[in-house]
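Below: query35.txt (compact mmCIF, C-alpha atoms)
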# COMPACT_ATOMS: atom_id res chain seq x y z
CA MET A 1 -81.38 -60.30 11.74
CA MET A 2 -84.26 -57.94 11.16
CA PHE A 3 -85.26 -54.43 10.13
CA LYS A 4 -82.38 -54.06 7.68
CA SER A 5 -84.72 -53.07 4.86
CA ALA A 6 -87.70 -52.02 6.98
CA ILE A 7 -87.07 -48.35 6.21
CA ARG A 8 -85.54 -47.00 3.02
CA GLY A 9 -81.88 -46.23 3.71
CA MET A 10 -81.70 -48.29 6.92
CA GLU A 11 -78.57 -49.92 5.53
CA ASN A 12 -76.90 -46.49 5.83
CA ILE A 13 -76.95 -46.76 9.62
CA ILE A 14 -77.10 -50.49 10.43
CA GLU A 15 -74.85 -52.96 8.71
CA THR A 16 -76.36 -56.37 9.27
CA GLY A 17 -79.78 -55.68 10.79
CA ILE A 18 -81.02 -56.00 14.36
CA PRO A 19 -81.06 -59.42 16.10
CA LYS A 20 -84.43 -61.05 16.73
CA GLY A 21 -85.69 -60.63 20.30
CA SER A 22 -83.87 -57.32 20.80
CA ILE A 23 -85.32 -54.46 22.82
CA ILE A 24 -84.76 -51.17 21.06
CA LEU A 25 -85.39 -47.76 22.59
CA VAL A 26 -86.46 -45.08 20.15
CA THR A 27 -85.85 -41.78 21.88
CA GLY A 28 -86.42 -38.12 21.07
CA LYS A 29 -88.49 -35.08 21.87
CA ALA A 30 -92.06 -34.54 20.71
CA GLY A 31 -92.52 -34.28 16.95
CA THR A 32 -89.39 -36.17 15.95
CA LEU A 33 -91.21 -39.02 14.12
CA LYS A 34 -90.78 -41.59 16.91
CA SER A 35 -94.25 -43.14 16.60
CA SER A 36 -94.25 -43.23 12.81
CA PHE A 37 -90.72 -44.62 12.74
CA ALA A 38 -91.56 -47.42 15.23
CA PHE A 39 -94.82 -48.34 13.50
CA SER A 40 -93.23 -48.26 10.07
CA MET A 41 -90.39 -50.55 11.20
CA ILE A 42 -92.85 -53.21 12.34
CA VAL A 43 -95.29 -52.88 9.44
CA GLU A 44 -92.54 -53.29 6.88
CA GLU A 45 -90.85 -56.14 8.73
CA ILE A 46 -93.99 -58.26 9.03
CA SER A 47 -95.46 -57.44 5.64
CA GLU A 48 -93.96 -60.52 4.02
CA GLY A 49 -94.25 -63.07 6.81
CA CYS A 50 -97.05 -64.65 8.80
CA GLU A 51 -96.02 -63.03 12.07
CA HIS A 52 -98.03 -60.49 14.02
CA GLY A 53 -97.14 -57.25 15.77
CA LEU A 54 -98.78 -55.35 18.61
CA TYR A 55 -98.56 -51.57 18.88
CA ALA A 56 -99.71 -50.35 22.30
CA THR A 57 -100.51 -46.67 22.52
CA LEU A 58 -101.03 -44.90 25.83
CA GLU A 59 -101.12 -41.30 24.73
CA GLN A 60 -102.23 -40.88 21.15
CA SER A 61 -105.59 -42.46 20.24
CA LYS A 62 -105.65 -45.23 17.65
CA LYS A 63 -107.68 -43.04 15.31
CA SER A 64 -105.30 -40.10 15.49
CA HIS A 65 -102.27 -42.38 15.16
CA LEU A 66 -103.66 -44.02 12.01
CA ARG A 67 -104.51 -40.59 10.55
CA ASN A 68 -100.94 -39.38 11.06
CA LEU A 69 -99.52 -42.56 9.57
CA SER A 70 -101.70 -42.44 6.48
CA SER A 71 -100.44 -38.90 5.78
CA LEU A 72 -97.00 -40.53 5.52
CA GLY A 73 -98.19 -43.33 3.28
CA ILE A 74 -97.90 -45.87 6.12
CA TYR A 75 -100.91 -48.14 6.48
CA LYS A 76 -101.97 -50.68 9.06
CA THR A 77 -102.14 -54.26 7.83
CA ASP A 78 -104.13 -57.17 9.27
CA GLN A 79 -100.97 -58.48 10.91
CA ILE A 80 -100.47 -55.42 13.07
CA HIS A 81 -102.78 -54.84 16.01
CA ILE A 82 -103.16 -51.57 17.85
CA PHE A 83 -104.16 -51.57 21.50
CA ASP A 84 -105.39 -48.16 22.58
CA TYR A 85 -105.34 -47.71 26.38
CA ARG A 86 -107.78 -44.80 26.20
CA ASP A 87 -110.91 -46.68 27.36
CA LEU A 88 -109.05 -48.53 30.08
CA ARG A 89 -107.43 -45.32 31.33
CA LEU A 90 -110.66 -43.33 31.30
CA GLU A 91 -112.84 -45.95 32.95
CA TRP A 92 -110.26 -46.92 35.54
CA GLN A 93 -108.70 -43.54 36.24
CA ASP A 94 -110.02 -43.31 39.78
CA ARG A 95 -109.08 -46.88 40.57
CA ASP A 96 -105.85 -48.58 41.35
CA VAL A 97 -104.61 -50.21 38.12
CA ASP A 98 -101.08 -51.46 37.58
CA LEU A 99 -100.51 -50.58 33.94
CA LEU A 100 -97.34 -52.64 33.82
CA GLN A 101 -99.29 -55.73 34.82
CA GLU A 102 -102.12 -54.80 32.44
CA THR A 103 -99.62 -54.48 29.59
CA ALA A 104 -98.36 -57.97 30.34
CA GLU A 105 -101.97 -59.21 30.22
CA VAL A 106 -102.56 -57.43 26.91
CA ILE A 107 -99.46 -59.08 25.45
CA ASP A 108 -100.63 -62.47 26.80
CA TYR A 109 -104.03 -61.96 25.18
CA TYR A 110 -102.60 -61.27 21.72
CA ASN A 111 -100.07 -64.07 22.13
CA GLU A 112 -102.83 -66.57 22.95
CA THR A 113 -105.22 -65.31 20.30
CA LEU A 114 -102.81 -64.88 17.41
CA GLY A 115 -100.40 -67.66 18.23
CA LYS A 116 -97.47 -65.84 16.73
CA LEU A 117 -96.93 -62.41 18.20
CA SER A 118 -93.36 -61.52 17.32
CA PHE A 119 -93.20 -57.73 17.58
CA PHE A 120 -94.23 -55.33 20.27
CA ALA A 121 -94.10 -51.55 20.27
CA LEU A 122 -94.98 -49.33 23.20
CA ASP A 123 -95.83 -45.66 22.83
CA SER A 124 -94.55 -44.63 25.26
CA LEU A 125 -92.40 -45.99 28.08
CA ASN A 126 -92.67 -42.64 29.91
CA ALA A 127 -96.46 -42.74 29.91
CA LEU A 128 -96.56 -46.34 31.12
CA PHE A 129 -94.29 -45.63 34.08
CA LEU A 130 -95.65 -42.19 34.94
CA LEU A 131 -99.19 -43.54 35.04
CA LYS A 132 -98.08 -46.46 37.12
CA GLY A 133 -97.46 -44.01 39.93
CA ASP A 134 -95.44 -44.92 42.98
CA HIS A 135 -92.75 -47.38 41.94
CA ASN A 136 -89.15 -48.39 41.87
CA LEU A 137 -88.36 -47.43 38.28
CA ARG A 138 -85.11 -49.34 37.92
CA ARG A 139 -86.57 -52.58 39.30
CA ASP A 140 -89.80 -52.25 37.31
CA LEU A 141 -87.93 -51.57 34.08
CA PHE A 142 -85.80 -54.64 34.65
CA CYS A 143 -88.91 -56.81 35.24
CA PHE A 144 -90.66 -55.34 32.21
CA PHE A 145 -87.69 -55.89 29.92
CA THR A 146 -87.23 -59.43 31.24
CA ARG A 147 -90.87 -60.23 30.53
CA LEU A 148 -90.57 -58.96 26.94
CA LYS A 149 -87.48 -61.12 26.44
CA GLU A 150 -89.19 -64.17 27.96
CA ASN A 151 -92.05 -63.71 25.50
CA GLY A 152 -89.52 -63.78 22.67
CA LEU A 153 -90.70 -60.41 21.42
CA THR A 154 -88.65 -58.05 19.33
CA SER A 155 -89.64 -54.79 21.00
CA ILE A 156 -89.50 -51.14 20.13
CA LEU A 157 -90.09 -48.91 23.12
CA ILE A 158 -90.62 -45.22 22.55
CA LEU A 159 -89.14 -42.89 25.13
CA GLU A 160 -89.87 -39.20 24.93
CA ILE A 161 -86.68 -37.62 26.11
CA GLY A 162 -84.31 -34.89 24.98
CA ARG A 163 -80.65 -35.51 24.26
CA ASN A 164 -79.54 -33.87 27.52
CA SER A 165 -82.36 -34.96 29.79
CA TRP A 166 -81.34 -38.57 30.49
CA HIS A 167 -79.72 -37.98 33.83
CA ASN A 168 -82.74 -36.44 35.54
CA SER A 169 -85.31 -38.68 33.90
CA GLY A 170 -84.59 -41.87 35.82
CA PHE A 171 -84.68 -43.73 32.50
CA ASP A 172 -80.91 -44.06 32.15
CA SER A 173 -81.23 -47.68 33.28
CA ALA A 174 -83.56 -48.30 30.30
CA ALA A 175 -80.73 -47.36 27.94
CA PHE A 176 -78.42 -49.68 29.86
CA LEU A 177 -80.86 -52.60 29.73
CA ALA A 178 -81.91 -52.13 26.09
CA ASP A 179 -80.06 -53.84 23.26
CA GLY A 180 -80.20 -50.73 21.15
CA VAL A 181 -80.89 -47.03 21.39
CA ILE A 182 -81.94 -45.03 18.35
CA GLU A 183 -82.21 -41.28 18.79
CA LEU A 184 -84.42 -39.09 16.63
CA GLY A 185 -84.15 -35.33 16.71
CA VAL A 186 -83.90 -32.04 14.91
CA VAL A 187 -80.70 -30.07 14.29
CA GLU A 188 -80.17 -26.64 12.85
CA ARG A 189 -77.88 -26.37 9.85
CA SER A 190 -77.09 -23.49 7.50
CA GLU A 191 -79.80 -24.70 5.12
CA GLY A 192 -82.37 -24.85 7.93
CA LEU A 193 -83.74 -27.41 10.41
CA LYS A 194 -83.15 -31.04 9.63
CA ARG A 195 -84.49 -34.19 11.21
CA TYR A 196 -81.83 -36.70 12.12
CA ILE A 197 -81.56 -40.33 13.22
CA GLN A 198 -78.58 -41.59 15.17
CA VAL A 199 -77.84 -45.08 16.44
CA LYS A 200 -76.40 -44.52 19.90
CA LYS A 201 -76.11 -48.18 20.76
CA MET A 202 -76.83 -51.47 19.00
CA ARG A 203 -75.64 -54.79 20.33
CA ALA A 204 -74.51 -57.54 17.96
CA THR A 205 -74.36 -55.47 14.80
CA ALA A 206 -72.01 -52.92 13.30
CA HIS A 207 -73.61 -49.50 12.95
CA SER A 208 -72.82 -45.94 12.04
CA MET A 209 -72.34 -43.48 14.91
CA GLU A 210 -73.07 -40.46 12.71
CA PRO A 211 -76.38 -38.66 12.76
CA HIS A 212 -78.14 -39.25 9.42
CA HIS A 213 -80.76 -37.13 7.72
CA ILE A 214 -84.24 -38.67 8.00
CA VAL A 215 -87.18 -37.42 5.96
CA ALA A 216 -90.90 -38.19 5.98
CA GLY A 217 -93.31 -37.64 3.12
CA PRO A 218 -96.29 -39.21 1.40
CA GLU A 219 -94.02 -42.08 0.36
CA GLY A 220 -93.09 -42.94 3.92
CA ILE A 221 -89.87 -42.50 5.88
CA SER A 222 -86.40 -42.52 4.32
CA ILE A 223 -82.93 -42.33 5.81
CA LEU A 224 -80.49 -40.33 3.74
CA GLY A 225 -76.79 -39.55 4.17
CA PRO A 226 -74.92 -38.30 7.23
CA ILE A 227 -75.49 -34.79 8.56
CA TYR A 228 -72.27 -32.98 9.31
CA MET B 229 -120.05 -77.53 56.59
CA ILE B 230 -121.60 -76.22 53.42
CA SER B 231 -119.57 -73.51 51.67
CA LYS B 232 -121.39 -71.39 49.16
CA PHE B 233 -119.76 -69.74 46.14
CA SER B 234 -120.95 -66.36 44.99
CA THR B 235 -122.33 -68.24 41.97
CA GLY B 236 -124.85 -69.84 44.33
CA HIS B 237 -123.25 -73.28 43.99
CA GLU B 238 -122.59 -75.20 47.15
CA VAL B 239 -119.67 -77.42 48.08
CA ASN B 240 -119.98 -79.87 50.93
CA ILE B 241 -116.96 -79.67 53.22
CA THR B 242 -116.92 -82.67 55.55
CA ASP B 243 -113.38 -82.57 56.81
CA GLU B 244 -110.87 -79.85 57.59
CA SER B 245 -108.54 -81.14 54.88
CA ASP B 246 -111.40 -80.68 52.43
CA LEU B 247 -111.00 -76.94 52.84
CA ASN B 248 -108.30 -77.28 50.17
CA LYS B 249 -111.11 -78.26 47.83
CA LEU B 250 -112.19 -74.64 47.71
CA ASP B 251 -108.78 -73.53 46.45
CA ASP B 252 -108.71 -76.36 43.93
CA ILE B 253 -112.15 -75.49 42.64
CA LYS B 254 -111.19 -71.82 42.45
CA THR B 255 -108.21 -72.71 40.25
CA TYR B 256 -110.45 -74.54 37.77
CA LEU B 257 -113.04 -71.79 37.90
CA ASP B 258 -110.35 -69.15 37.18
CA LYS B 259 -109.05 -71.13 34.21
CA THR B 260 -112.48 -71.88 32.76
CA VAL B 261 -113.68 -68.29 33.07
CA LYS B 262 -110.49 -66.94 31.52
CA ILE B 263 -110.55 -69.35 28.58
CA HIS B 264 -114.24 -68.81 27.82
CA ARG B 265 -114.43 -65.10 28.58
CA ASP B 266 -115.61 -64.32 25.04
CA ILE B 267 -118.79 -66.37 25.56
CA LEU B 268 -119.21 -64.96 29.06
CA ILE B 269 -118.94 -61.40 27.78
CA LEU B 270 -121.42 -62.07 24.98
CA SER B 271 -123.91 -63.75 27.30
CA MET B 272 -123.62 -60.94 29.86
CA LEU B 273 -124.15 -58.33 27.17
CA ALA B 274 -127.19 -60.30 25.98
CA GLU B 275 -128.71 -59.56 29.38
CA ARG B 276 -127.84 -55.87 29.38
CA SER B 277 -125.45 -53.39 27.80
CA MET B 278 -122.51 -52.37 29.96
CA CYS B 279 -118.99 -50.94 30.03
CA GLY B 280 -115.72 -52.86 30.48
CA TYR B 281 -115.55 -51.99 34.16
CA ASP B 282 -119.06 -53.34 34.81
CA LEU B 283 -118.26 -56.54 32.91
CA ILE B 284 -115.29 -57.18 35.18
CA LYS B 285 -117.44 -56.40 38.23
CA ASN B 286 -120.13 -58.78 36.99
CA ILE B 287 -117.67 -61.62 36.40
CA LEU B 288 -116.33 -61.13 39.93
CA LYS B 289 -119.83 -61.13 41.38
CA GLN B 290 -121.02 -64.19 39.50
CA PHE B 291 -117.91 -66.39 39.49
CA ASN B 292 -115.72 -64.97 42.23
CA VAL B 293 -113.01 -64.49 39.57
CA LEU B 294 -111.26 -61.16 39.24
CA MET B 295 -110.34 -60.61 35.60
CA SER B 296 -107.73 -58.02 34.83
CA PRO B 297 -108.70 -55.10 32.53
CA GLY B 298 -105.76 -56.08 30.32
CA ALA B 299 -107.49 -59.40 29.64
CA ILE B 300 -110.95 -57.92 29.00
CA TYR B 301 -110.41 -54.76 26.91
CA PRO B 302 -108.47 -56.46 24.08
CA MET B 303 -111.24 -59.07 23.95
CA LEU B 304 -113.85 -56.32 23.69
CA TYR B 305 -111.93 -54.73 20.80
CA SER B 306 -111.68 -58.09 19.02
CA LEU B 307 -115.40 -58.74 19.42
CA GLU B 308 -116.09 -55.23 18.13
CA GLU B 309 -113.83 -55.80 15.11
CA GLU B 310 -115.67 -59.04 14.40
CA GLY B 311 -118.94 -57.08 14.40
CA LEU B 312 -120.39 -59.00 17.35
CA ILE B 313 -120.61 -56.02 19.69
CA LYS B 314 -120.82 -52.27 19.23
CA ALA B 315 -119.61 -49.48 21.49
CA GLU B 316 -121.27 -46.15 22.18
CA TYR B 317 -120.48 -43.44 24.67
CA GLU B 318 -123.02 -42.79 27.36
CA ARG B 319 -124.92 -39.57 26.78
CA GLY B 320 -122.96 -36.75 28.39
CA ASN B 321 -120.18 -39.09 29.49
CA MET B 322 -117.23 -39.42 27.14
CA ARG B 323 -115.35 -41.46 29.74
CA THR B 324 -117.39 -44.61 29.49
CA LYS B 325 -118.03 -46.73 26.42
CA ILE B 326 -121.10 -48.90 26.69
CA TYR B 327 -120.98 -52.17 24.81
CA SER B 328 -124.03 -53.92 23.42
CA LEU B 329 -124.65 -56.89 21.15
CA THR B 330 -125.26 -56.58 17.44
CA PRO B 331 -127.76 -59.02 15.85
CA GLU B 332 -124.74 -61.16 14.85
CA GLY B 333 -123.49 -60.97 18.44
CA LEU B 334 -126.85 -62.10 19.77
CA LEU B 335 -126.68 -65.14 17.51
CA ALA B 336 -123.05 -65.79 18.54
CA ALA B 337 -124.01 -65.51 22.23
CA ASP B 338 -126.81 -68.00 21.74
CA ASN B 339 -124.75 -70.50 19.71
CA GLY B 340 -121.65 -70.03 21.88
CA THR B 341 -123.56 -70.66 25.11
CA LYS B 342 -125.22 -73.80 23.70
CA ASN B 343 -121.99 -75.17 22.23
CA LEU B 344 -119.98 -74.44 25.36
CA THR B 345 -122.61 -76.12 27.53
CA VAL B 346 -122.57 -79.23 25.32
CA ALA B 347 -118.75 -79.33 25.22
CA LEU B 348 -118.34 -78.90 28.99
CA THR B 349 -121.07 -81.46 29.69
CA MET B 350 -119.35 -83.96 27.39
CA ILE B 351 -115.98 -83.39 29.06
CA LEU B 352 -117.46 -83.72 32.55
CA LYS B 353 -119.34 -86.89 31.60
CA ILE B 354 -116.20 -88.54 30.19
CA ILE B 355 -114.06 -87.43 33.15
CA GLN B 356 -116.69 -88.74 35.59
CA GLU B 357 -117.06 -92.08 33.77
CA THR B 358 -113.28 -92.61 33.58
CA HIS B 359 -112.97 -91.72 37.24
CA ASP B 360 -115.78 -94.15 38.20
CA VAL B 361 -114.17 -96.99 36.20
CA GLN B 362 -110.80 -96.35 37.87
CA ILE B 363 -112.35 -96.35 41.36
CA CYS B 364 -114.28 -99.54 40.56
CA ASP B 365 -111.14 -101.26 39.21
CA LYS B 366 -109.13 -100.25 42.26
CA ARG B 367 -111.78 -101.72 44.52
CA ASN B 368 -111.72 -104.96 42.50
CA GLY B 369 -107.91 -105.04 42.58
CA LYS B 370 -107.49 -104.52 38.84
CA HIS B 371 -104.49 -102.58 37.54
CA HIS B 372 -104.15 -100.92 34.13
Could you express the structure from this file as C-alpha cells?
Amino acid sequence: MMFKSAIRGMENIIETGIPKGSIILVTGKAGTLKSSFAFSMIVEEISEGCEHGLYATLEQSKKSHLRNLSSLGIYKTDQIHIFDYRDLRLEWQDRDVDLLQETAEVIDYYNETLGKLSFFALDSLNALFLLKGDHNLRRDLFCFFTRLKENGLTSILILEIGRNSWHNSGFDSAAFLADGVIELGVVERSEGLKRYIQVKKMRATAHSMEPHHIVAGPEGISILGPIY
Amino acid sequence: MISKFSTGHEVNITDESDLNKLDDIKTYLDKTVKIHRDILILSMLAERSMCGYDLIKNILKQFNVLMSPGAIYPMLYSLEEEGLIKAEYERGNMRTKIYSLTPEGLLAADNGTKNLTVALTMILKIIQETHDVQICDKRNGKHH
C-alpha cells in the first residue's frame, strides 16, 4: 500500500493507502492544485526508497512547474524525472506524431535507463488525447491504461474536468478503467471559498466519501477535516 | 543481386530466399542503433549542431532506422543534464532548440566512438570464430 503518508492528513481520506500498480485519476478544473498534488504524492512516496518516478508534462513547462512547486515548498529530487513535451511538440507540430506512442517510448526510455521506474504521472490526460487528434478515445484509453499496468507503474493521471462535465467529455471511460478517482475543487462556504479534495472511487481500500478541506502553503499541501 | 543499404554497405543476395537476409540485418541494425543512440547522437553532433528532428532524420538517412521522438528527446535531456551537450534556440526561432557538444561532450563522443568500435569488433570477432569452429566441426562430423 502506498501514499498513505505522502501528504499530511492523507489518512483522513484513505484508510490503508493505495495499492501498488494502481492508476489514479486526479480530476478538477484549472487552479485546483492538481499538478502540485500529483507531484507531491510521488516526491514524498519515493523520498525514502531507491525507486524512480517520471512526471510527464504536456502543457506547463518544466521550468514553470518547478517554480510553482517551490512556492509550495515542494522540491524535485534526483529520483523524480520530469519530461517536458514542449520541444517535441514545437518541433513536430506540423508533422504526424502519435503522442500516445511517444509517451510509451518515453516510459520505455526511463525504464531502461533507470532500471526501476515505479511511478508515472501525466499532466494531463486531456492534452495527450486532444493532441493525438483523430482517435477512438475509449479504445485508446484502454490500451494506454493496459500499457501502464503492464509496466507495473503506479500512475497518477491528471484530468482537467469540472464536476458536471464528465458526460460530454468522452473521458467517462477513464473513470471506469481507473482504480481510483480523486477530485479536487473549490466550494463556497459562509466563511469564503475553500479548496476541497474528495475520493470518488478507490479500489481495494476503505476511504472517506466526504469532501475534505485541502490547503497549500510554503510548507506544502495538507488535508484537513471534512467540509460540510 | 547486390542490395545496397542507405549506409552505403552492400549485401550480396544470391538466392531469392536470401532476401530474408535484408529483414534479418535490419532487425540487428535497429537494435544496435537503438541501444547505442547516445554515442550516435554525440558523434553526429560532433560533425554539426542540430535539433532533435534533424538528428532523427540523420539516423534514418544513415542507418535506415526510424527512431521515434519519444526515444530521442529524453536521451537529449539526459545528455544535457550530464553536461555533454548544450541547447540553444535558433536566432529568431523559439520553436527549435539546436543541440551542440560541450568540450566534455566532444571528449565523450571521441571515447565513446572508440570504445564502441573496439567492443563491437571484439564481439564480431568472437562470434565469427565460434561460428567458423562450429562449421568446421560439423564438416568433420564432430558434435559438442
field: 6 Å contacts from chain A to chain B using only C-alpha atoms, as a PyMOL selection string
entry: chain A and resi 90-91+102+105-106
query: In Å, how far is it from atom CA of Val293 of chain B to atom CA of His264 of chain B?
result: 12.6 Å
- request: Identify, on the basis of all atoms listed in the file, every residue whose closest approach to Ile182 of chain A does not exceed 6 Å; exclude the query and any residue fewer than 5 positions from it along the same chain; express the result as a list of chain:residue names.
  value: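 Residues near the query, excluding close chain neighbours: A:Val26, A:Gln198, A:Val199, A:Lys200.
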message: Taking all atoms listed in the file into account, name the residue in A:Gly180, A:Gly170, A:Gly21, A:Pro226 that is nearest to Lys194 of chain A.
response: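 Of the candidates, the smallest distance to Lys194 of chain A is held by A:Pro226.
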Please provide as an mmCIF file with C-alpha atoms, keeping the file's coordinate frame all residues within 10 Å of Leu114 of chain A, with the sequence filter that same-chain residues fewer than 6 positions apart are discarded (counting only C-alpha atoms).
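Saved to result.cif:
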data_model
loop_
_atom_site.group_PDB
_atom_site.id
_atom_site.type_symbol
_atom_site.label_atom_id
_atom_site.label_comp_id
_atom_site.auth_asym_id
_atom_site.auth_seq_id
_atom_site.Cartn_x
_atom_site.Cartn_y
_atom_site.Cartn_z
ATOM 1 C CA GLU A 51 -96.020 -63.030 12.070
ATOM 2 C CA HIS A 52 -98.030 -60.490 14.020
ATOM 3 C CA GLY A 53 -97.140 -57.250 15.770
ATOM 4 C CA GLN A 79 -100.970 -58.480 10.910
ATOM 5 C CA ASP A 108 -100.630 -62.470 26.800
#
task: With a distance cut-off of 9 Å and all atoms listed in the file, select the neighbouring residues of Asp266 of chain B, excluding the residue or stretch itself and same-chain residues fewer than 5 positions from it, and output the selection as a list in words.
output: Ser271, Ile300, Met303, Leu304, Leu307, Ala337 and Gly340 of chain B
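Shortest separation to Phe176 of chain A among A:Met202, A:Ile227, A:Ala56, A:Ala121 occurs at residue A:Met202, atoms counted being all atoms listed in the file.
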task: Measuring atom to atom with all atoms listed in the file, identify which of A:Ser5, A:Thr146, A:Ser124, A:Gln93 is nearest to Leu58 of chain A.
output: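 Residue with the minimum atom-to-atom distance to Leu58 of chain A: A:Ser124.
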- line: As a check of understanding: the span from atom CA of Cys50 of chain A to atom CA of Ser22 of chain A is 19.3 Å
